[in-house]
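Right, one structure below, let's go through it.
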Amino acid sequence: MEASWADAALKNDIPVLGVCRGMQMLNVLGGGTLHMDLSAFRTEYPTSFLRRIFYRKAIEVEPDSWLACATGRLNLKVNSIHSQAIEHLGMGFTASARESNGLIQAIE
């Protein structure tokens with residue numbers, strides 16, 4: 001159901017905010033792909049579930065992005081416990097924030 005709503009919004013140029021899995025779903029609907037295995041990126045992340053929940057990672061925000069405009073910042077700390085992440089961007093999307101290891105944390 002949510003995929004059909006997101007698809008309709010994208011086709012009708014209706015703004016949508018997708019957080020975490022929602023961002024990933026929007027990217028895939030736009031023809032993008034996901035990293036299915038993040039083990040190569042996880043070397044710097046805590047391993048216990050509780051520590052992963054409270055871990056805050058640094059991300060760098062693109063200066064001309066909506067995210068930079070909304071937050072007024074180019075460096076943020078976010079928590080995420082992704083099991084997947086965006087690999088290739090879908091059509092029309094740009095990466096607006098990344099971790100230091102290159103993983104995309106925000107798209108527009």
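As shown in the structure tokens, the chain order sets the letters A, B, ...; within each chain, residues go from 1, and ligands are also counted from 1 in the order they appear.
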Select from stretch 2-48 of chain A every residue with an atom at most 7 Å from any atom of stretch 74-87 of chain A, then for each give the shortest pair of atoms and their distance in Å to one decimal, using only C-alpha atoms, rows by chain and rising number, as a Markdown table.
```
| residue | atom | partner | partner_atom | distance |
| --- | --- | --- | --- | --- |
| A:Gln24 | CA | A:Ile86 | CA | 6.2 |
| A:Thr33 | CA | A:Glu87 | CA | 5.4 |
| A:Leu34 | CA | A:Ile86 | CA | 4.4 |
| A:His35 | CA | A:Glu87 | CA | 5.1 |
| A:Met36 | CA | A:Gln84 | CA | 5.2 |
| A:Asp37 | CA | A:Gln84 | CA | 6.5 |
| A:Leu38 | CA | A:Gln84 | CA | 6.4 |
```
Using C-alpha atoms, can you write the selected residues to a file as a short mmCIF file (atom, residue, chain, number, x, y, z; two decimals), in the first residue's frame?
```cif
data_model
loop_
_atom_site.label_atom_id
_atom_site.label_comp_id
_atom_site.auth_asym_id
_atom_site.auth_seq_id
_atom_site.Cartn_x
_atom_site.Cartn_y
_atom_site.Cartn_z
CA GLN A 24 15.22 3.38 0.69
CA THR A 33 19.45 -0.10 -5.74
CA LEU A 34 20.38 -1.00 -2.17
CA HIS A 35 23.46 -2.44 -0.49
CA MET A 36 22.04 -5.69 0.87
CA ASP A 37 25.06 -6.42 3.06
CA LEU A 38 26.56 -3.63 5.15
#
```
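Considering only C-alpha atoms, the residue among A:Met1, A:Leu50, A:Val28, A:Ala106 positioned nearest to A:Glu62 is A:Ala106.
With only C-alpha atoms as the atoms that count, the residue of A:Leu89, A:Ala95, A:Ala6, A:Leu103 with the shortest distance to A:Gly31 is A:Leu89.
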Residues within 12 Å of A:Ala9, only C-alpha atoms, excluding chain neighbours under 6 positions, as a PDB file with C-alpha atoms, in the first residue's frame:
```pdb
ATOM      1  CA  GLU A   2       2.723   2.490   0.951  1.00  0.00           C
ATOM      2  CA  ALA A   3       4.634   1.770  -2.248  1.00  0.00           C
ATOM      3  CA  PRO A  15       6.702  16.184  -2.075  1.00  0.00           C
ATOM      4  CA  VAL A  16       7.329  13.151   0.137  1.00  0.00           C
ATOM      5  CA  LEU A  17       9.516  12.738   3.198  1.00  0.00           C
ATOM      6  CA  GLY A  18      10.950   9.246   3.501  1.00  0.00           C
ATOM      7  CA  LEU A  26      11.535   5.812  -2.573  1.00  0.00           C
ATOM      8  CA  LEU A  29      10.773   3.056  -6.741  1.00  0.00           C
ATOM      9  CA  GLY A  30      12.940   5.528  -8.671  1.00  0.00           C
TER      10      GLY A  30
END
```
**Message:** I need the alpha helix (DSSP H) residues of stretch 20-105 of chain A per DSSP on the backbone, written as number ranges by chain.
**Reply:** A: 21-29, 49-54, 66-71
Chain A: which residues are strand (DSSP E) by DSSP, as a CSV table (one decimal) with all heavy atoms, in the first residue's frame?
```csv
chain,number,residue,atom,x,y,z
A,33,THR,N,19.2,1.2,-6.4
A,33,THR,CA,19.4,-0.1,-5.7
A,33,THR,C,19.9,0.1,-4.3
A,33,THR,O,20.2,1.2,-3.9
A,33,THR,CB,20.5,-0.9,-6.5
A,33,THR,OG1,21.7,-0.1,-6.5
A,33,THR,CG2,20.1,-1.1,-7.9
A,34,LEU,N,20.0,-1.0,-3.6
A,34,LEU,CA,20.4,-1.0,-2.2
A,34,LEU,C,21.6,-1.9,-2.0
A,34,LEU,O,21.7,-2.9,-2.6
A,34,LEU,CB,19.2,-1.5,-1.3
A,34,LEU,CG,17.9,-0.7,-1.3
A,34,LEU,CD1,16.9,-1.4,-0.4
A,34,LEU,CD2,18.1,0.7,-0.9
A,35,HIS,N,22.4,-1.5,-1.0
A,35,HIS,CA,23.5,-2.4,-0.5
A,35,HIS,C,22.7,-3.4,0.4
A,35,HIS,O,22.0,-3.0,1.3
A,35,HIS,CB,24.5,-1.7,0.4
A,35,HIS,CG,25.4,-0.8,-0.3
A,35,HIS,ND1,26.5,-1.3,-1.0
A,35,HIS,CD2,25.5,0.5,-0.3
A,35,HIS,CE1,27.2,-0.2,-1.5
A,35,HIS,NE2,26.6,0.9,-1.0
A,57,LYS,N,26.1,8.7,14.6
A,57,LYS,CA,27.1,8.9,13.7
A,57,LYS,C,27.1,10.2,13.0
A,57,LYS,O,26.1,10.8,12.8
A,57,LYS,CB,27.1,7.7,12.6
A,57,LYS,CG,25.8,7.7,11.9
A,57,LYS,CD,25.7,6.5,10.9
A,57,LYS,CE,25.1,5.4,11.6
A,57,LYS,NZ,24.9,4.2,10.8
A,58,ALA,N,28.3,10.7,12.6
A,58,ALA,CA,28.4,12.0,12.0
A,58,ALA,C,28.1,11.8,10.5
A,58,ALA,O,28.5,10.9,9.9
A,58,ALA,CB,29.8,12.5,12.1
A,59,ILE,N,27.3,12.8,10.0
A,59,ILE,CA,27.1,12.9,8.5
A,59,ILE,C,27.4,14.3,8.0
A,59,ILE,O,27.3,15.2,8.8
A,59,ILE,CB,25.6,12.5,8.2
A,59,ILE,CG1,24.6,13.4,8.8
A,59,ILE,CG2,25.3,11.0,8.5
A,59,ILE,CD1,23.2,13.3,8.3
A,60,GLU,N,27.8,14.3,6.8
A,60,GLU,CA,28.1,15.6,6.1
A,60,GLU,C,26.9,15.9,5.2
A,60,GLU,O,26.6,15.1,4.3
A,60,GLU,CB,29.4,15.5,5.4
A,60,GLU,CG,30.6,15.4,6.3
A,60,GLU,CD,31.9,15.4,5.6
A,60,GLU,OE1,32.0,16.1,4.5
A,60,GLU,OE2,32.8,14.8,6.2
A,61,VAL,N,26.4,17.1,5.3
A,61,VAL,CA,25.3,17.5,4.5
A,61,VAL,C,25.7,18.4,3.3
A,61,VAL,O,26.6,19.2,3.5
A,61,VAL,CB,24.3,18.3,5.4
A,61,VAL,CG1,23.1,18.8,4.6
A,61,VAL,CG2,23.8,17.5,6.6
A,75,ASN,N,27.0,19.7,9.1
A,75,ASN,CA,27.4,18.5,9.9
A,75,ASN,C,26.4,18.2,10.9
A,75,ASN,O,26.0,19.1,11.7
A,75,ASN,CB,28.8,18.8,10.6
A,75,ASN,CG,29.9,19.0,9.5
A,75,ASN,OD1,30.3,18.1,8.8
A,75,ASN,ND2,30.4,20.2,9.4
A,76,LEU,N,25.9,17.0,10.9
A,76,LEU,CA,24.9,16.5,11.9
A,76,LEU,C,25.3,15.2,12.5
A,76,LEU,O,26.2,14.5,11.9
A,76,LEU,CB,23.6,16.3,11.2
A,76,LEU,CG,22.9,17.5,10.5
A,76,LEU,CD1,21.8,17.1,9.6
A,76,LEU,CD2,22.5,18.5,11.5
A,77,LYS,N,24.7,14.8,13.6
A,77,LYS,CA,24.9,13.5,14.1
A,77,LYS,C,23.5,12.9,14.1
A,77,LYS,O,22.5,13.5,14.5
A,77,LYS,CB,25.4,13.6,15.5
A,77,LYS,CG,26.9,13.9,15.6
A,77,LYS,CD,27.5,13.4,16.8
A,77,LYS,CE,29.0,13.6,16.6
A,77,LYS,NZ,29.8,12.8,17.5
A,78,VAL,N,23.4,11.6,13.6
A,78,VAL,CA,22.2,10.9,13.5
A,78,VAL,C,22.3,9.5,14.1
A,78,VAL,O,23.4,9.0,14.1
A,78,VAL,CB,21.7,10.8,12.0
A,78,VAL,CG1,21.4,12.2,11.5
A,78,VAL,CG2,22.7,10.1,11.2
A,85,ALA,N,21.3,-0.1,2.9
A,85,ALA,CA,21.5,1.3,2.6
A,85,ALA,C,21.5,1.5,1.1
A,85,ALA,O,21.7,0.5,0.3
A,85,ALA,CB,22.8,1.7,3.2
A,86,ILE,N,21.3,2.7,0.7
A,86,ILE,CA,21.3,3.0,-0.7
A,86,ILE,C,22.6,2.8,-1.4
A,86,ILE,O,23.7,3.2,-0.8
A,86,ILE,CB,20.8,4.5,-1.0
A,86,ILE,CG1,19.3,4.6,-0.6
A,86,ILE,CG2,21.1,4.9,-2.4
A,86,ILE,CD1,18.8,6.0,-0.6
A,87,GLU,N,22.6,2.1,-2.5
A,87,GLU,CA,23.9,1.8,-3.2
A,87,GLU,C,23.9,2.8,-4.4
A,87,GLU,O,24.8,3.7,-4.5
A,87,GLU,CB,23.9,0.4,-3.7
A,87,GLU,CG,25.2,0.1,-4.5
A,87,GLU,CD,25.2,-1.4,-4.9
A,87,GLU,OE1,24.2,-2.1,-5.0
A,87,GLU,OE2,26.4,-1.9,-5.0
A,88,HIS,N,23.0,2.6,-5.4
A,88,HIS,CA,22.9,3.5,-6.5
A,88,HIS,C,21.6,4.3,-6.4
A,88,HIS,O,20.6,3.8,-6.2
A,88,HIS,CB,22.9,2.7,-7.8
A,88,HIS,CG,24.2,1.9,-8.0
A,88,HIS,ND1,25.4,2.5,-8.3
A,88,HIS,CD2,24.4,0.6,-7.9
A,88,HIS,CE1,26.3,1.6,-8.4
A,88,HIS,NE2,25.8,0.4,-8.2
A,95,ALA,N,22.1,12.6,-3.6
A,95,ALA,CA,22.4,12.4,-2.2
A,95,ALA,C,22.6,13.8,-1.5
A,95,ALA,O,23.4,14.6,-2.0
A,95,ALA,CB,23.7,11.6,-2.1
A,96,SER,N,22.0,14.0,-0.4
A,96,SER,CA,22.1,15.2,0.3
A,96,SER,C,22.9,15.1,1.6
A,96,SER,O,23.3,16.1,2.2
A,96,SER,CB,20.8,15.9,0.6
A,96,SER,OG,19.9,15.1,1.2
A,97,ALA,N,23.2,13.9,2.0
A,97,ALA,CA,24.1,13.6,3.2
A,97,ALA,C,24.7,12.3,3.2
A,97,ALA,O,24.0,11.3,2.7
A,97,ALA,CB,23.3,13.8,4.5
A,98,ARG,N,25.9,12.2,3.6
A,98,ARG,CA,26.6,10.9,3.6
A,98,ARG,C,27.4,10.8,4.9
A,98,ARG,O,27.8,11.7,5.5
A,98,ARG,CB,27.6,10.8,2.5
A,98,ARG,CG,27.0,10.7,1.1
A,98,ARG,CD,28.1,10.7,0.0
A,98,ARG,NE,27.6,10.8,-1.3
A,98,ARG,CZ,27.3,9.7,-2.1
A,98,ARG,NH1,27.5,8.5,-1.6
A,98,ARG,NH2,26.8,9.9,-3.3
A,99,GLU,N,27.7,9.5,5.3
A,99,GLU,CA,28.6,9.2,6.3
A,99,GLU,C,30.0,9.3,5.8
A,99,GLU,O,30.2,9.3,4.6
A,99,GLU,CB,28.4,7.8,6.8
A,99,GLU,CG,27.2,7.5,7.6
A,99,GLU,CD,27.1,6.1,8.0
A,99,GLU,OE1,28.1,5.6,8.7
A,99,GLU,OE2,26.1,5.4,7.7
A,104,ILE,N,25.1,6.7,2.0
A,104,ILE,CA,24.1,7.8,1.8
A,104,ILE,C,23.2,7.7,3.0
A,104,ILE,O,22.6,6.7,3.3
A,104,ILE,CB,23.4,7.6,0.5
A,104,ILE,CG1,24.3,7.8,-0.7
A,104,ILE,CG2,22.2,8.6,0.4
A,104,ILE,CD1,23.7,7.5,-2.0
A,105,GLN,N,23.0,8.8,3.7
A,105,GLN,CA,22.1,8.9,4.8
A,105,GLN,C,20.8,9.8,4.5
A,105,GLN,O,19.9,9.8,5.3
A,105,GLN,CB,22.8,9.5,6.0
A,105,GLN,CG,23.7,8.5,6.6
A,105,GLN,CD,23.0,7.3,7.3
A,105,GLN,OE1,21.8,7.4,7.7
A,105,GLN,NE2,23.6,6.1,7.3
A,106,ALA,N,20.9,10.6,3.4
A,106,ALA,CA,19.7,11.4,3.0
A,106,ALA,C,19.7,11.6,1.5
A,106,ALA,O,20.8,11.8,0.9
A,106,ALA,CB,19.8,12.8,3.8
A,107,ILE,N,18.5,11.6,1.0
A,107,ILE,CA,18.4,11.9,-0.5
A,107,ILE,C,17.3,13.0,-0.7
A,107,ILE,O,16.4,13.2,0.2
A,107,ILE,CB,18.1,10.7,-1.3
A,107,ILE,CG1,16.7,10.0,-0.9
A,107,ILE,CG2,19.2,9.7,-1.2
A,107,ILE,CD1,16.3,8.9,-1.8
```
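Atom pair atom CA of A:Phe49 / atom CA of A:Arg73: separated by 28.9 Å.
When only C-alpha atoms are used to measure the gap to A:Gly92, the shortest distance among A:Thr71, A:Gly22, A:Ile53, A:Glu108 belongs to A:Glu108.
One finds atom CA of A:Cys69 at 24.9 Å from atom CA of A:Lys11.
Between atom CA of A:Ser39 and atom CA of A:Cys20 the interatomic distance comes to 17.9 Å.
Using only C-alpha atoms for every distance, the candidate list A:Val19, A:Ile14, A:Asn27, A:Phe41 yields A:Phe41 as the residue closest to A:Asn101.
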